[in-house]
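Next comes entry.txt, a file with compact mmCIF, C-alpha atoms.
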# COMPACT_ATOMS: atom_id res chain seq x y z
CA SER H 298 0.00 0.00 0.00
CA THR H 299 1.13 3.55 -0.68
CA LYS H 300 2.14 5.14 2.58
CA LEU H 301 2.72 8.58 1.17
CA SER H 302 1.84 10.83 -1.73
CA ILE H 303 4.39 13.51 -2.67
CA ILE H 304 2.70 16.34 -4.57
CA ILE H 305 4.72 18.81 -6.64
CA PRO H 306 3.13 21.86 -8.24
CA VAL H 307 5.29 22.38 -11.34
CA TYR H 308 5.45 25.75 -13.09
CA ASN H 309 8.40 26.83 -15.24
CA THR H 310 11.15 25.41 -13.02
CA GLU H 311 13.12 23.66 -15.77
CA ALA H 312 16.49 24.82 -14.38
CA LEU H 313 16.09 23.05 -11.03
CA LEU H 314 13.31 20.49 -11.63
CA SER H 315 15.59 17.55 -12.53
CA ARG H 316 17.53 18.00 -9.30
CA CYS H 317 14.23 18.10 -7.38
CA LEU H 318 12.88 14.92 -9.01
CA GLU H 319 16.21 13.12 -8.53
CA SER H 320 16.01 13.88 -4.81
CA LEU H 321 12.48 12.40 -4.70
CA THR H 322 13.17 9.23 -6.69
CA ALA H 323 16.31 8.62 -4.57
CA GLN H 324 14.42 8.60 -1.25
CA THR H 325 15.43 5.67 0.95
CA LEU H 326 11.75 4.94 1.59
CA ARG H 327 10.48 3.60 -1.74
CA GLU H 328 6.73 3.14 -1.03
CA VAL H 329 5.67 6.54 -2.29
CA GLU H 330 3.76 7.97 -5.20
CA ILE H 331 5.06 11.15 -6.78
CA ILE H 332 2.38 13.37 -8.33
CA CYS H 333 3.64 16.12 -10.64
CA VAL H 334 0.94 18.69 -11.36
CA ASP H 335 2.07 20.74 -14.36
CA ASP H 336 0.38 24.11 -13.89
CA GLY H 337 0.51 25.24 -17.50
CA SER H 338 4.30 25.50 -17.78
CA THR H 339 5.59 27.20 -20.91
CA ASP H 340 9.17 25.87 -20.63
CA SER H 341 10.41 22.25 -20.73
CA SER H 342 9.16 21.38 -17.21
CA LEU H 343 6.45 19.00 -18.46
CA ALA H 344 8.95 17.21 -20.75
CA ILE H 345 11.32 16.77 -17.79
CA CYS H 346 8.51 15.22 -15.71
CA THR H 347 7.54 12.91 -18.58
CA ASN H 348 11.15 11.82 -18.97
CA PHE H 349 11.41 10.91 -15.27
CA ALA H 350 8.04 9.12 -15.37
CA SER H 351 9.21 6.93 -18.25
CA SER H 352 11.80 5.31 -16.00
CA ASP H 353 9.94 5.36 -12.66
CA ASN H 354 6.37 4.08 -12.46
CA ARG H 355 5.80 5.81 -9.11
CA ILE H 356 5.54 9.15 -10.93
CA LYS H 357 2.13 10.37 -12.11
CA ILE H 358 1.66 13.51 -14.18
CA ILE H 359 -1.39 15.75 -14.40
CA SER H 360 -1.54 18.84 -16.60
CA GLN H 361 -3.86 21.77 -16.02
CA GLN H 362 -4.24 25.34 -17.17
CA ASN H 363 -2.23 27.80 -15.11
CA SER H 364 -4.16 28.26 -11.86
CA GLY H 365 -1.44 28.87 -9.26
CA ALA H 366 0.39 26.62 -6.80
CA ALA H 367 -2.51 26.34 -4.32
CA GLU H 368 -4.88 25.02 -7.00
CA ALA H 369 -2.16 22.71 -8.36
CA ARG H 370 -1.64 21.21 -4.89
CA GLN H 371 -5.39 20.64 -4.55
CA THR H 372 -5.46 18.89 -7.95
CA GLY H 373 -2.76 16.53 -6.67
CA VAL H 374 -4.60 15.90 -3.40
CA ASN H 375 -7.74 14.94 -5.34
CA ILE H 376 -6.02 11.90 -6.90
CA ALA H 377 -3.60 11.07 -4.08
CA MET H 378 -3.71 7.47 -2.84
CA GLY H 379 -1.40 7.85 0.16
CA GLU H 380 -2.35 7.69 3.81
CA TRP H 381 -0.13 10.76 4.26
CA ILE H 382 0.47 13.73 1.95
CA THR H 383 3.50 15.97 1.63
CA PHE H 384 4.24 18.87 -0.73
CA VAL H 385 7.48 19.75 -2.49
CA ASP H 386 8.10 22.78 -4.68
CA GLY H 387 9.69 22.03 -8.04
CA ASP H 388 12.84 24.03 -7.31
CA ASP H 389 13.56 22.55 -3.86
CA ILE H 390 15.13 19.26 -2.75
CA LEU H 391 14.67 16.60 -0.08
CA PRO H 392 17.59 15.01 1.79
CA PRO H 393 17.73 11.26 0.95
CA ASP H 394 16.21 10.07 4.23
CA ALA H 395 13.59 12.85 4.56
CA ILE H 396 10.53 10.69 3.92
CA SER H 397 11.71 7.79 6.06
CA LEU H 398 12.42 10.18 8.98
CA LEU H 399 8.95 11.72 8.70
CA ILE H 400 7.20 8.35 8.44
CA ALA H 401 9.22 7.07 11.43
CA ALA H 402 7.98 10.13 13.35
CA THR H 403 4.38 9.07 12.66
CA HIS H 404 5.11 5.74 14.39
CA GLU H 405 6.62 7.52 17.40
CA ASP H 406 3.50 9.67 17.74
CA ASN H 407 0.90 7.44 16.17
CA ASN H 408 -2.07 9.71 16.81
CA ALA H 409 -0.52 12.80 15.19
CA ASP H 410 -2.38 14.40 12.28
CA ILE H 411 0.44 16.67 11.13
CA ILE H 412 4.20 16.14 11.48
CA ALA H 413 6.31 19.24 10.74
CA GLY H 414 10.03 18.70 10.16
CA ASN H 415 12.88 21.20 9.96
CA ILE H 416 13.35 23.26 6.81
CA THR H 417 16.82 24.40 5.83
CA THR H 418 17.07 27.47 3.61
CA GLN H 419 19.81 27.23 0.99
CA LEU H 420 21.27 30.58 0.00
CA PRO H 421 23.99 30.86 -2.67
CA ASN H 422 26.83 30.41 -0.15
CA GLN H 423 25.27 29.10 3.05
CA GLU H 424 22.49 27.07 4.63
CA ILE H 425 20.34 28.43 7.44
CA SER H 426 18.20 26.41 9.82
CA ASN H 427 15.18 28.39 10.91
CA PHE H 428 14.04 27.47 14.43
CA SER H 429 16.02 26.44 17.49
CA TYR H 430 13.60 24.36 19.60
CA SER H 431 13.66 20.63 18.83
CA LYS H 432 10.41 18.76 19.50
CA ILE H 433 7.01 20.15 20.42
CA SER H 434 3.62 18.48 20.63
CA CYS H 435 0.66 20.82 20.37
CA ASN H 436 -3.06 20.98 19.67
CA SER H 437 -4.57 22.93 16.80
CA ASP H 438 -5.07 26.20 18.71
CA GLU H 439 -1.48 26.19 19.97
CA TYR H 440 -0.07 25.44 16.52
CA ILE H 441 -2.21 28.06 14.77
CA SER H 442 -1.05 30.61 17.34
CA MET H 443 2.59 29.70 16.56
CA LEU H 444 1.93 30.04 12.82
CA LEU H 445 0.31 33.45 13.16
CA LYS H 446 3.14 34.70 15.39
CA ASP H 447 5.73 33.43 12.88
CA LEU H 448 7.12 30.97 15.46
CA ALA H 449 6.64 28.02 13.11
CA ASN H 450 7.17 27.68 9.38
CA TYR H 451 3.90 28.27 7.54
CA GLY H 452 4.98 26.81 4.19
CA PRO H 453 3.15 23.63 3.14
CA TYR H 454 6.44 21.79 2.61
CA GLY H 455 8.55 19.81 5.07
CA LYS H 456 5.37 18.42 6.62
CA LEU H 457 3.25 15.29 6.56
CA PHE H 458 -0.52 15.70 6.57
CA LYS H 459 -3.00 12.90 7.21
CA ARG H 460 -4.96 12.49 3.98
CA GLU H 461 -8.31 12.69 5.80
CA LEU H 462 -7.63 16.27 6.95
CA PHE H 463 -8.21 17.45 3.38
CA ASP H 464 -11.72 15.98 3.42
CA LYS H 465 -12.57 17.79 6.68
CA ALA H 466 -10.87 21.14 6.11
CA CYS H 467 -12.45 23.88 4.07
CA TRP H 468 -10.69 26.78 2.35
CA ASP H 469 -10.79 28.50 -1.01
CA SER H 470 -7.63 27.82 -3.02
CA ASN H 471 -8.72 30.46 -5.57
CA ILE H 472 -8.23 33.38 -3.19
CA PRO H 473 -5.91 36.03 -4.73
CA LEU H 474 -3.30 36.11 -1.95
CA SER H 475 0.02 36.01 -3.81
CA ASN H 476 2.14 33.96 -1.39
CA TYR H 477 -0.04 33.73 1.68
CA GLU H 478 -2.44 31.10 0.36
CA ASP H 479 0.01 28.63 1.96
CA LEU H 480 -0.74 30.07 5.40
CA LEU H 481 -4.47 29.87 4.76
CA MET H 482 -4.20 26.20 3.73
CA LEU H 483 -2.03 25.32 6.73
CA VAL H 484 -4.31 27.07 9.23
CA SER H 485 -7.35 25.39 7.64
CA LEU H 486 -5.76 21.93 7.89
CA SER H 487 -4.52 22.62 11.42
CA SER H 488 -7.98 23.70 12.56
CA VAL H 489 -9.30 20.16 11.96
CA ALA H 490 -6.21 18.40 13.38
CA SER H 491 -6.16 17.23 16.97
CA LYS H 492 -2.41 16.71 17.40
CA ILE H 493 0.51 18.36 15.64
CA ILE H 494 4.12 17.34 16.22
CA ILE H 495 6.92 19.77 15.37
CA ARG H 496 10.24 17.98 14.85
CA ASN H 497 12.98 20.53 14.26
CA ASP H 498 15.49 17.80 15.06
CA LEU H 499 14.65 16.22 11.68
CA ASN H 500 16.13 17.92 8.62
CA VAL H 501 13.62 16.98 5.95
CA TYR H 502 13.54 19.78 3.39
CA THR H 503 15.93 22.13 1.61
CA TYR H 504 14.28 25.34 0.48
CA VAL H 505 16.33 26.82 -2.36
CA LEU H 506 16.10 30.61 -2.27
CA ARG H 507 16.39 32.08 -5.73
CA ASN H 508 16.19 35.71 -6.81
CA ASP H 509 12.83 35.06 -8.47
CA SER H 510 11.47 32.64 -5.84
CA ALA H 511 7.82 33.19 -4.96
CA SER H 512 8.86 33.79 -1.38
CA LYS H 513 7.48 36.17 1.21
CA SER H 514 6.35 39.48 -0.22
CA HIS H 515 4.46 42.13 1.71
CA LEU H 516 0.69 41.93 1.61
CA SER H 517 -1.31 44.82 0.28
CA THR H 518 -4.06 46.27 2.48
CA THR H 519 -6.66 44.45 0.38
CA GLU H 520 -4.80 41.15 0.73
CA CYS H 521 -4.54 41.67 4.52
CA GLN H 522 -8.31 42.08 4.67
CA ILE H 523 -8.88 38.97 2.52
CA LEU H 524 -6.51 36.95 4.70
CA PHE H 525 -8.16 38.22 7.90
CA ASP H 526 -11.67 37.47 6.60
CA ASN H 527 -10.67 33.92 5.68
CA LEU H 528 -8.65 33.16 8.81
CA SER H 529 -11.12 34.62 11.33
CA PRO H 530 -13.64 31.72 11.23
CA LEU H 531 -10.76 29.23 11.76
CA VAL H 532 -9.14 30.86 14.77
CA ASN H 533 -10.52 30.61 18.28
CA ASP H 534 -10.08 33.82 20.25
What do you get writing this file as structure tokens?
Amino acid sequence: STKLSIIIPVYNTEALLSRCLESLTAQTLREVEIICVDDGSTDSSLAICTNFASSDNRIKIISQQNSGAAEARQTGVNIAMGEWITFVDGDDILPPDAISLLIAATHEDNNADIIAGNITTQLPNQEISNFSYSKISCNSDEYISMLLKDLANYGPYGKLFKRELFDKACWDSNIPLSNYEDLLMLVSLSSVASKIIIRNDLNVYTYVLRNDSASKSHLSTTECQILFDNLSPLVND
């Protein structure tokens, strides 16, 4: 049985996509499915995915019109067969034992709904690890509070999510929020989770910072209001 579905929203990342896919196919834990959702790429990204799929039957490819990363992730979730789901961006990489470490963490805390590992940021000449505490167990309110105070990484990557959370959680992946739709998704999933384990002792994801990365940009006033309106029903006072 497939333990885990790895979902990659792919959009015009031809320069780094092969390195990303190599890091996924080389995982020490083999029982995974790798779902590449091509989000209307105009470069050779789709051809690169097809090439990898021809030699590895764990890779599935879906193509859709360009709808943004949040929609692409949801498309992948809709066909995912795994008990757990994780997301990887097409320009990032996983250390070889990332998936086996995360799955082992689910056995250590077998009633966890979300496992969040440590994310290392790779800059041109250095790597930075983001948070200093090692292991925390929290409920949904505590975790959401950490996310909103920027005390925990709010990206969708470097985490395992129980598949069933996506059937319970409710959020609009079409909301025009530039790069904060990730936070909205994570808060939505966390709001229906009963136990979240943060494992900053496990290095499970390398976030590659590029000049044109879709990383944190400042929200406009309108976007702040949209984010507030969507988060408010999910957050207990």
**OP:** Find, counting all atoms listed in the file, the residue in H:Gly337, H:Ala413, H:Arg496, H:Leu481 that gets nearest to Gln361 (chain H).
**Re:**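 Checking each of H:Gly337, H:Ala413, H:Arg496, H:Leu481 against Gln361 (chain H), counting all atoms listed in the file, the winner is H:Gly337.
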**OP:** Check the smallest atom-to-atom distance from each of H:Cys467, H:Ala369, H:Cys317, H:Val334 to Pro393 (chain H) using only C-alpha atoms, then report the winner.
**Re:**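 So, comparing all the options, the nearest one is H:Cys317.
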Original post:
Counting all atoms listed in the file, which of H:Asn436, H:Asn500, H:Gln362, H:Asn407 gets nearest to Lys456 (chain H)?
Top reply: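 Smallest separation from Lys456 (chain H) among the options: H:Asn500.
Closest approach to Asp479 (chain H) among H:Ser434, H:Gln371, H:Ser442, H:Thr417: H:Gln371, based on all atoms listed in the file.
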Size and centre in Å, one decimal, axis-aligned box, all listed region 308-316 of chain H atoms plus 5 Å per side, as AutoDock Vina command-line options:
--center_x 11.5 --center_y 22.2 --center_z -12.5 --size_x 22.1 --size_y 19.3 --size_z 16.5
Original post:
Looking at all atoms listed in the file, which of H:Glu330, H:Asp388, H:Thr322, H:Ile412 is the one that sits closest to Asn309 (chain H)?
Top reply: H:Asp388
**OP:** Select, counting all atoms listed in the file, all protein, DNA and RNA residues no farther than 6 Å from (12.8, 17.3, -4.4) in file coordinates, and express the selection as a ChimeraX atom specification.
**Re:** /H:317-318,320-321,389-391
Subject >> Test item: residues at most 8 Å from Cys435 (chain H), all atoms listed in the file, excluding those fewer than 5 positions along its chain, as a PyMOL selection string >> reply: chain H and resi 440+492-494
Original post:
CA of Leu480 (chain H) and CA of Gly452 (chain H), how far apart in Å?
Top reply: 6.7 Å
**OP:** For Cys333 (chain H), work out the shell of residues within 8 Å, counting all atoms listed in the file and skipping chain neighbours fewer than 6 positions away, then give it as a ChimeraX atom specification.
**Re:** /H:304-307,346,356-359,373
**OP:** Grab the CA of Val374 (chain H) to CA of Ile332 (chain H) distance for me, in Å with one decimal place.
**Re:** 8.9 Å
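Here CA of Leu483 (chain H) and CA of Ala409 (chain H) stand 15.2 Å from one another.
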Subject >> Neighbours of point (15.5, 11.5, -16.7) within 12 Å, using only C-alpha atoms, written as a PyMOL selection string >> reply: chain H and resi 314-319+322+342-353+356
Subject >> Residue with smallest distance to Trp468 (chain H) - pool H:Glu368, H:Val505, H:Thr418, H:Asp335, counting only C-alpha atoms >> reply: H:Glu368
**OP:** Tell me which protein, DNA and RNA residues are within 8 Å of Leu506 (chain H), counting all atoms listed in the file, leaving out same-chain ones fewer than 5 positions away, and put them as a PyMOL selection string.
**Re:** chain H and resi 418-421+512
I need the chosen residues saved as a PDB file, in the frame of the given file, with C-alpha atoms.
ATOM      1  CA  THR H 418      17.070  27.470   3.610  1.00  0.00           C
ATOM      2  CA  GLN H 419      19.810  27.230   0.990  1.00  0.00           C
ATOM      3  CA  LEU H 420      21.270  30.580   0.000  1.00  0.00           C
ATOM      4  CA  PRO H 421      23.990  30.860  -2.670  1.00  0.00           C
ATOM      5  CA  SER H 512       8.860  33.790  -1.380  1.00  0.00           C
TER       6      SER H 512
END
Selection near Lys459 (chain H), 8 Å with all atoms listed in the file, sequence-local residues under 3 positions removed, as a PDB file with C-alpha atoms, in the frame of the given file:
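Full text of selection_34.pdb as output:
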ATOM      1  CA  GLU H 380      -2.350   7.690   3.810  1.00  0.00           C
ATOM      2  CA  TRP H 381      -0.130  10.760   4.260  1.00  0.00           C
ATOM      3  CA  ILE H 382       0.470  13.730   1.950  1.00  0.00           C
ATOM      4  CA  ASP H 410      -2.380  14.400  12.280  1.00  0.00           C
ATOM      5  CA  ILE H 411       0.440  16.670  11.130  1.00  0.00           C
ATOM      6  CA  LEU H 462      -7.630  16.270   6.950  1.00  0.00           C
ATOM      7  CA  PHE H 463      -8.210  17.450   3.380  1.00  0.00           C
TER       8      PHE H 463
END
**OP:** May I have the residues within 12 Å of Leu398 (chain H) as an MDAnalysis selection string, using only C-alpha atoms and disregarding those fewer than 6 positions away in the same chain?
**Re:** chainID H and resid 324:326 391:392 404:405 412:415 455:457 496:502
